[in-house]
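Undergrad: Input run-v1.cif, format and content: mmCIF, N, CA and C atoms.
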```
data_final
loop_
_atom_site.label_atom_id
_atom_site.label_comp_id
_atom_site.auth_asym_id
_atom_site.auth_seq_id
_atom_site.Cartn_x
_atom_site.Cartn_y
_atom_site.Cartn_z
N MET A 122 -124.49 146.02 -309.27
CA MET A 122 -124.71 147.25 -310.00
C MET A 122 -123.59 147.39 -311.04
N MET A 123 -123.94 147.68 -312.26
CA MET A 123 -122.95 147.83 -313.33
C MET A 123 -122.39 149.24 -313.30
N ALA A 124 -121.11 149.34 -313.61
CA ALA A 124 -120.44 150.65 -313.58
C ALA A 124 -119.99 151.02 -314.99
N GLY A 125 -120.93 151.43 -315.82
CA GLY A 125 -120.57 151.89 -317.15
C GLY A 125 -120.51 150.77 -318.17
N GLN A 126 -119.95 151.09 -319.34
CA GLN A 126 -119.93 150.16 -320.45
C GLN A 126 -118.88 149.08 -320.30
N GLY A 127 -117.91 149.27 -319.41
CA GLY A 127 -116.84 148.30 -319.27
C GLY A 127 -117.28 146.97 -318.70
N GLY A 128 -118.46 146.92 -318.08
CA GLY A 128 -118.96 145.68 -317.53
C GLY A 128 -118.41 145.36 -316.15
N LEU A 129 -117.69 146.27 -315.55
CA LEU A 129 -117.15 146.05 -314.22
C LEU A 129 -118.25 146.28 -313.20
N THR A 130 -118.26 145.45 -312.19
CA THR A 130 -119.25 145.65 -311.14
C THR A 130 -118.69 146.59 -310.09
N LYS A 131 -119.56 147.37 -309.52
CA LYS A 131 -119.16 148.33 -308.49
C LYS A 131 -118.90 147.58 -307.19
N LEU A 132 -117.76 147.87 -306.58
CA LEU A 132 -117.41 147.24 -305.32
C LEU A 132 -118.21 147.90 -304.20
N GLU A 133 -118.92 147.10 -303.46
CA GLU A 133 -119.65 147.60 -302.32
C GLU A 133 -118.90 147.19 -301.07
N VAL A 134 -118.24 148.16 -300.44
CA VAL A 134 -117.37 147.89 -299.30
C VAL A 134 -118.15 147.27 -298.15
N GLY A 135 -119.41 147.55 -298.03
CA GLY A 135 -120.22 147.01 -296.93
C GLY A 135 -120.30 145.50 -296.90
N VAL A 136 -120.06 144.84 -298.03
CA VAL A 136 -120.14 143.39 -298.07
C VAL A 136 -118.83 142.74 -297.63
N LEU A 137 -117.80 143.52 -297.41
CA LEU A 137 -116.51 142.99 -296.96
C LEU A 137 -116.46 142.96 -295.44
N SER A 138 -115.78 141.97 -294.92
CA SER A 138 -115.58 141.91 -293.48
C SER A 138 -114.61 143.02 -293.08
N ALA A 139 -114.51 143.28 -291.80
CA ALA A 139 -113.58 144.32 -291.31
C ALA A 139 -112.15 143.97 -291.71
N GLU A 140 -111.79 142.69 -291.63
CA GLU A 140 -110.44 142.26 -292.01
C GLU A 140 -110.20 142.47 -293.50
N GLN A 141 -111.20 142.15 -294.32
CA GLN A 141 -111.07 142.35 -295.77
C GLN A 141 -110.97 143.83 -296.12
N GLN A 142 -111.75 144.66 -295.42
CA GLN A 142 -111.69 146.10 -295.65
C GLN A 142 -110.30 146.64 -295.32
N GLU A 143 -109.71 146.17 -294.22
CA GLU A 143 -108.38 146.61 -293.83
C GLU A 143 -107.34 146.15 -294.85
N LYS A 144 -107.44 144.91 -295.30
CA LYS A 144 -106.51 144.41 -296.33
C LYS A 144 -106.64 145.21 -297.62
N LEU A 145 -107.86 145.55 -297.99
CA LEU A 145 -108.09 146.37 -299.19
C LEU A 145 -107.48 147.76 -299.02
N ARG A 146 -107.67 148.35 -297.85
CA ARG A 146 -107.09 149.67 -297.57
C ARG A 146 -105.57 149.62 -297.66
N GLN A 147 -104.97 148.60 -297.05
CA GLN A 147 -103.51 148.45 -297.10
C GLN A 147 -103.02 148.24 -298.53
N PHE A 148 -103.76 147.45 -299.31
CA PHE A 148 -103.41 147.23 -300.71
C PHE A 148 -103.43 148.54 -301.49
N LYS A 149 -104.46 149.34 -301.26
CA LYS A 149 -104.57 150.64 -301.96
C LYS A 149 -103.41 151.56 -301.59
N VAL A 150 -103.05 151.59 -300.31
CA VAL A 150 -101.93 152.43 -299.86
C VAL A 150 -100.62 151.95 -300.49
N ARG A 151 -100.37 150.64 -300.46
CA ARG A 151 -99.14 150.09 -301.07
C ARG A 151 -99.09 150.38 -302.56
N THR A 152 -100.23 150.23 -303.23
CA THR A 152 -100.28 150.48 -304.67
C THR A 152 -99.98 151.94 -304.97
N ARG A 153 -100.55 152.84 -304.19
CA ARG A 153 -100.31 154.27 -304.40
C ARG A 153 -98.83 154.60 -304.18
N ILE A 154 -98.25 154.04 -303.13
CA ILE A 154 -96.82 154.27 -302.85
C ILE A 154 -95.95 153.71 -303.98
N ASP A 155 -96.26 152.50 -304.43
CA ASP A 155 -95.51 151.89 -305.53
C ASP A 155 -95.62 152.72 -306.81
N ASN A 156 -96.83 153.20 -307.10
CA ASN A 156 -97.03 154.03 -308.28
C ASN A 156 -96.24 155.33 -308.18
N GLU A 157 -96.26 155.96 -307.03
CA GLU A 157 -95.52 157.21 -306.82
C GLU A 157 -94.02 156.97 -306.97
N ARG A 158 -93.54 155.89 -306.40
CA ARG A 158 -92.12 155.54 -306.50
C ARG A 158 -91.73 155.34 -307.97
N TYR A 159 -92.58 154.63 -308.72
CA TYR A 159 -92.31 154.39 -310.14
C TYR A 159 -92.25 155.70 -310.91
N LEU A 160 -93.24 156.55 -310.70
CA LEU A 160 -93.29 157.83 -311.43
C LEU A 160 -92.11 158.73 -311.07
N ARG A 161 -91.68 158.71 -309.82
CA ARG A 161 -90.51 159.51 -309.44
C ARG A 161 -89.23 158.99 -310.08
N SER A 162 -89.16 157.69 -310.29
CA SER A 162 -87.95 157.13 -310.90
C SER A 162 -88.00 157.19 -312.43
N HIS A 163 -89.14 157.59 -312.98
CA HIS A 163 -89.30 157.72 -314.44
C HIS A 163 -89.94 159.06 -314.79
N PRO A 164 -89.19 160.15 -314.65
CA PRO A 164 -89.75 161.47 -314.92
C PRO A 164 -90.17 161.66 -316.39
N GLU A 165 -89.69 160.80 -317.26
CA GLU A 165 -90.08 160.91 -318.67
C GLU A 165 -91.57 160.64 -318.87
N VAL A 166 -92.20 159.94 -317.94
CA VAL A 166 -93.64 159.67 -318.04
C VAL A 166 -94.40 161.00 -318.03
N GLU A 167 -94.02 161.90 -317.14
CA GLU A 167 -94.68 163.21 -317.07
C GLU A 167 -94.52 163.96 -318.39
N VAL A 168 -93.33 163.90 -318.97
CA VAL A 168 -93.08 164.57 -320.25
C VAL A 168 -93.92 163.94 -321.36
N LEU A 169 -93.93 162.61 -321.42
CA LEU A 169 -94.71 161.91 -322.45
C LEU A 169 -96.19 162.27 -322.38
N ILE A 170 -96.74 162.21 -321.19
CA ILE A 170 -98.17 162.49 -321.02
C ILE A 170 -98.46 163.97 -321.27
N GLY A 171 -97.59 164.82 -320.75
CA GLY A 171 -97.78 166.26 -320.94
C GLY A 171 -97.76 166.66 -322.40
N GLU A 172 -96.80 166.13 -323.15
CA GLU A 172 -96.71 166.44 -324.58
C GLU A 172 -97.91 165.89 -325.34
N PHE A 173 -98.34 164.69 -324.98
CA PHE A 173 -99.51 164.11 -325.64
C PHE A 173 -100.74 164.98 -325.39
N LEU A 174 -100.97 165.35 -324.13
CA LEU A 174 -102.15 166.17 -323.81
C LEU A 174 -102.07 167.54 -324.47
N ARG A 175 -100.88 168.12 -324.50
CA ARG A 175 -100.70 169.43 -325.16
C ARG A 175 -101.09 169.34 -326.62
N ASP A 176 -100.54 168.34 -327.34
CA ASP A 176 -100.86 168.17 -328.76
C ASP A 176 -102.34 167.85 -328.96
N LEU A 177 -102.89 167.02 -328.10
CA LEU A 177 -104.29 166.65 -328.19
C LEU A 177 -105.20 167.87 -328.08
N LEU A 178 -104.91 168.72 -327.09
CA LEU A 178 -105.76 169.90 -326.88
C LEU A 178 -105.55 170.97 -327.95
N LEU A 179 -104.35 171.05 -328.49
CA LEU A 179 -104.10 172.02 -329.57
C LEU A 179 -104.74 171.58 -330.87
N LYS A 180 -104.65 170.30 -331.19
CA LYS A 180 -105.12 169.80 -332.49
C LYS A 180 -106.56 169.31 -332.46
N ARG A 181 -107.05 168.92 -331.31
CA ARG A 181 -108.43 168.45 -331.12
C ARG A 181 -108.88 167.50 -332.24
N PRO A 182 -108.22 166.35 -332.35
CA PRO A 182 -108.56 165.43 -333.44
C PRO A 182 -109.94 164.80 -333.24
N ALA A 183 -110.57 164.45 -334.34
CA ALA A 183 -111.88 163.79 -334.27
C ALA A 183 -111.74 162.37 -333.74
N ASP A 184 -110.68 161.69 -334.13
CA ASP A 184 -110.45 160.31 -333.70
C ASP A 184 -109.27 160.28 -332.73
N ILE A 185 -109.56 160.31 -331.46
CA ILE A 185 -108.52 160.38 -330.42
C ILE A 185 -107.68 159.11 -330.40
N ARG A 186 -108.30 157.97 -330.61
CA ARG A 186 -107.53 156.72 -330.59
C ARG A 186 -106.49 156.69 -331.71
N GLU A 187 -106.90 157.09 -332.90
CA GLU A 187 -105.95 157.13 -334.02
C GLU A 187 -104.84 158.15 -333.74
N PHE A 188 -105.22 159.29 -333.20
CA PHE A 188 -104.25 160.33 -332.86
C PHE A 188 -103.25 159.80 -331.83
N ALA A 189 -103.75 159.11 -330.80
CA ALA A 189 -102.87 158.55 -329.77
C ALA A 189 -101.94 157.50 -330.36
N ALA A 190 -102.47 156.64 -331.21
CA ALA A 190 -101.65 155.61 -331.84
C ALA A 190 -100.53 156.25 -332.66
N ASP A 191 -100.88 157.26 -333.44
CA ASP A 191 -99.87 157.96 -334.25
C ASP A 191 -98.85 158.65 -333.36
N HIS A 192 -99.33 159.28 -332.30
CA HIS A 192 -98.45 160.03 -331.40
C HIS A 192 -97.42 159.11 -330.75
N PHE A 193 -97.90 157.99 -330.19
CA PHE A 193 -97.01 157.13 -329.41
C PHE A 193 -96.20 156.15 -330.27
N THR A 194 -96.50 156.05 -331.56
CA THR A 194 -95.69 155.22 -332.46
C THR A 194 -94.78 156.07 -333.35
N ASN A 195 -94.74 157.36 -333.10
CA ASN A 195 -93.86 158.26 -333.85
C ASN A 195 -92.42 157.81 -333.65
N PRO A 196 -91.70 157.55 -334.75
CA PRO A 196 -90.31 157.09 -334.61
C PRO A 196 -89.40 158.11 -333.93
N ASN A 197 -89.79 159.38 -333.92
CA ASN A 197 -88.99 160.43 -333.29
C ASN A 197 -89.38 160.68 -331.84
N LEU A 198 -90.29 159.91 -331.30
CA LEU A 198 -90.80 160.16 -329.95
C LEU A 198 -89.68 160.13 -328.90
N GLN A 199 -88.77 159.19 -329.02
CA GLN A 199 -87.69 159.08 -328.04
C GLN A 199 -86.78 160.31 -328.10
N VAL A 200 -86.48 160.79 -329.29
CA VAL A 200 -85.63 161.96 -329.45
C VAL A 200 -86.33 163.20 -328.90
N VAL A 201 -87.61 163.35 -329.22
CA VAL A 201 -88.38 164.50 -328.74
C VAL A 201 -88.47 164.48 -327.21
N THR A 202 -88.73 163.31 -326.66
CA THR A 202 -88.84 163.18 -325.20
C THR A 202 -87.51 163.50 -324.53
N ALA A 203 -86.42 162.99 -325.08
CA ALA A 203 -85.10 163.26 -324.52
C ALA A 203 -84.80 164.75 -324.56
N SER A 204 -85.17 165.41 -325.65
CA SER A 204 -84.96 166.85 -325.78
C SER A 204 -85.77 167.62 -324.73
N LYS A 205 -87.03 167.22 -324.56
CA LYS A 205 -87.89 167.87 -323.56
C LYS A 205 -87.37 167.61 -322.15
N MET A 206 -86.85 166.42 -321.91
CA MET A 206 -86.29 166.10 -320.59
C MET A 206 -85.08 166.98 -320.32
N GLU A 207 -84.24 167.15 -321.33
CA GLU A 207 -83.06 168.01 -321.19
C GLU A 207 -83.48 169.44 -320.88
N GLY A 208 -84.48 169.93 -321.58
CA GLY A 208 -85.00 171.28 -321.33
C GLY A 208 -85.58 171.41 -319.95
N LYS A 209 -86.25 170.37 -319.49
CA LYS A 209 -86.85 170.39 -318.15
C LYS A 209 -85.77 170.41 -317.08
N ILE A 210 -84.71 169.63 -317.28
CA ILE A 210 -83.60 169.59 -316.32
C ILE A 210 -82.93 170.95 -316.24
N ASN A 211 -82.76 171.60 -317.38
CA ASN A 211 -82.09 172.90 -317.41
C ASN A 211 -82.92 174.01 -316.81
N THR A 212 -84.26 173.86 -316.79
CA THR A 212 -85.11 174.91 -316.24
C THR A 212 -85.45 174.68 -314.78
N ASP A 213 -85.19 173.49 -314.25
CA ASP A 213 -85.50 173.21 -312.83
C ASP A 213 -84.45 173.79 -311.91
#
```
Take the structure from the file and write it as structure tokens.
TA:
Amino acid sequence: MMAGQGGLTKLEVGVLSAEQQEKLRQFKVRTRIDNERYLRSHPEVEVLIGEFLRDLLLKRPADIREFAADHFTNPNLQVVTASKMEGKINTD
């Protein structure tokens, strides 16, 4: 069964053996823990995404891809992010 335009096939867990299902479950748990650990050690990710979504929803551009490219290639992005991080630290 196709899952959308990406061409990825839908995983049907029923075709996996019990051992494969358990390995898949453990992989998902480890991945979630690793992702959480990464995000906790990089709080700037929350600021980057939050600022992008805020600007996106305020400006509602017709071409989201172009808007995202412009947003994330802004030469001042690092300065803006550092400033927002400083503000976040001071308000926590």
Undergrad: To one decimal in Å, tell me the separation between atom N of Leu177 in chain A and atom C of Thr194 in chain A.
TA: 14.6 Å
Undergrad: Within 7 Å of range 168-172 of chain A, counting all atoms listed in the file, which residues qualify if same-chain residues fewer than 6 places away don't, as an mmCIF file with N, CA and C atoms, in the coordinates of the input?
TA:
```
data_model
loop_
_atom_site.group_PDB
_atom_site.id
_atom_site.type_symbol
_atom_site.label_atom_id
_atom_site.label_comp_id
_atom_site.auth_asym_id
_atom_site.auth_seq_id
_atom_site.Cartn_x
_atom_site.Cartn_y
_atom_site.Cartn_z
ATOM 1 N N THR A 202 -88.730 163.310 -326.660
ATOM 2 C CA THR A 202 -88.840 163.180 -325.200
ATOM 3 C C THR A 202 -87.510 163.500 -324.530
ATOM 4 N N LYS A 205 -87.030 167.220 -324.560
ATOM 5 C CA LYS A 205 -87.890 167.870 -323.560
ATOM 6 C C LYS A 205 -87.370 167.610 -322.150
ATOM 7 N N MET A 206 -86.850 166.420 -321.910
ATOM 8 C CA MET A 206 -86.290 166.100 -320.590
ATOM 9 C C MET A 206 -85.080 166.980 -320.320
#
```
Undergrad: Which is closest to Phe193 in chain A among A:Arg181, A:Glu140, A:Glu157, A:Phe173, if we use only C-alpha atoms?
TA: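 Of all the options, A:Phe173 lies closest to Phe193 in chain A.
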Undergrad: In Å to one decimal, how far is atom N of Leu174 in chain A from CA of Arg151 in chain A?
TA: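 CA of Arg151 in chain A sits 27.7 Å away from atom N of Leu174 in chain A.
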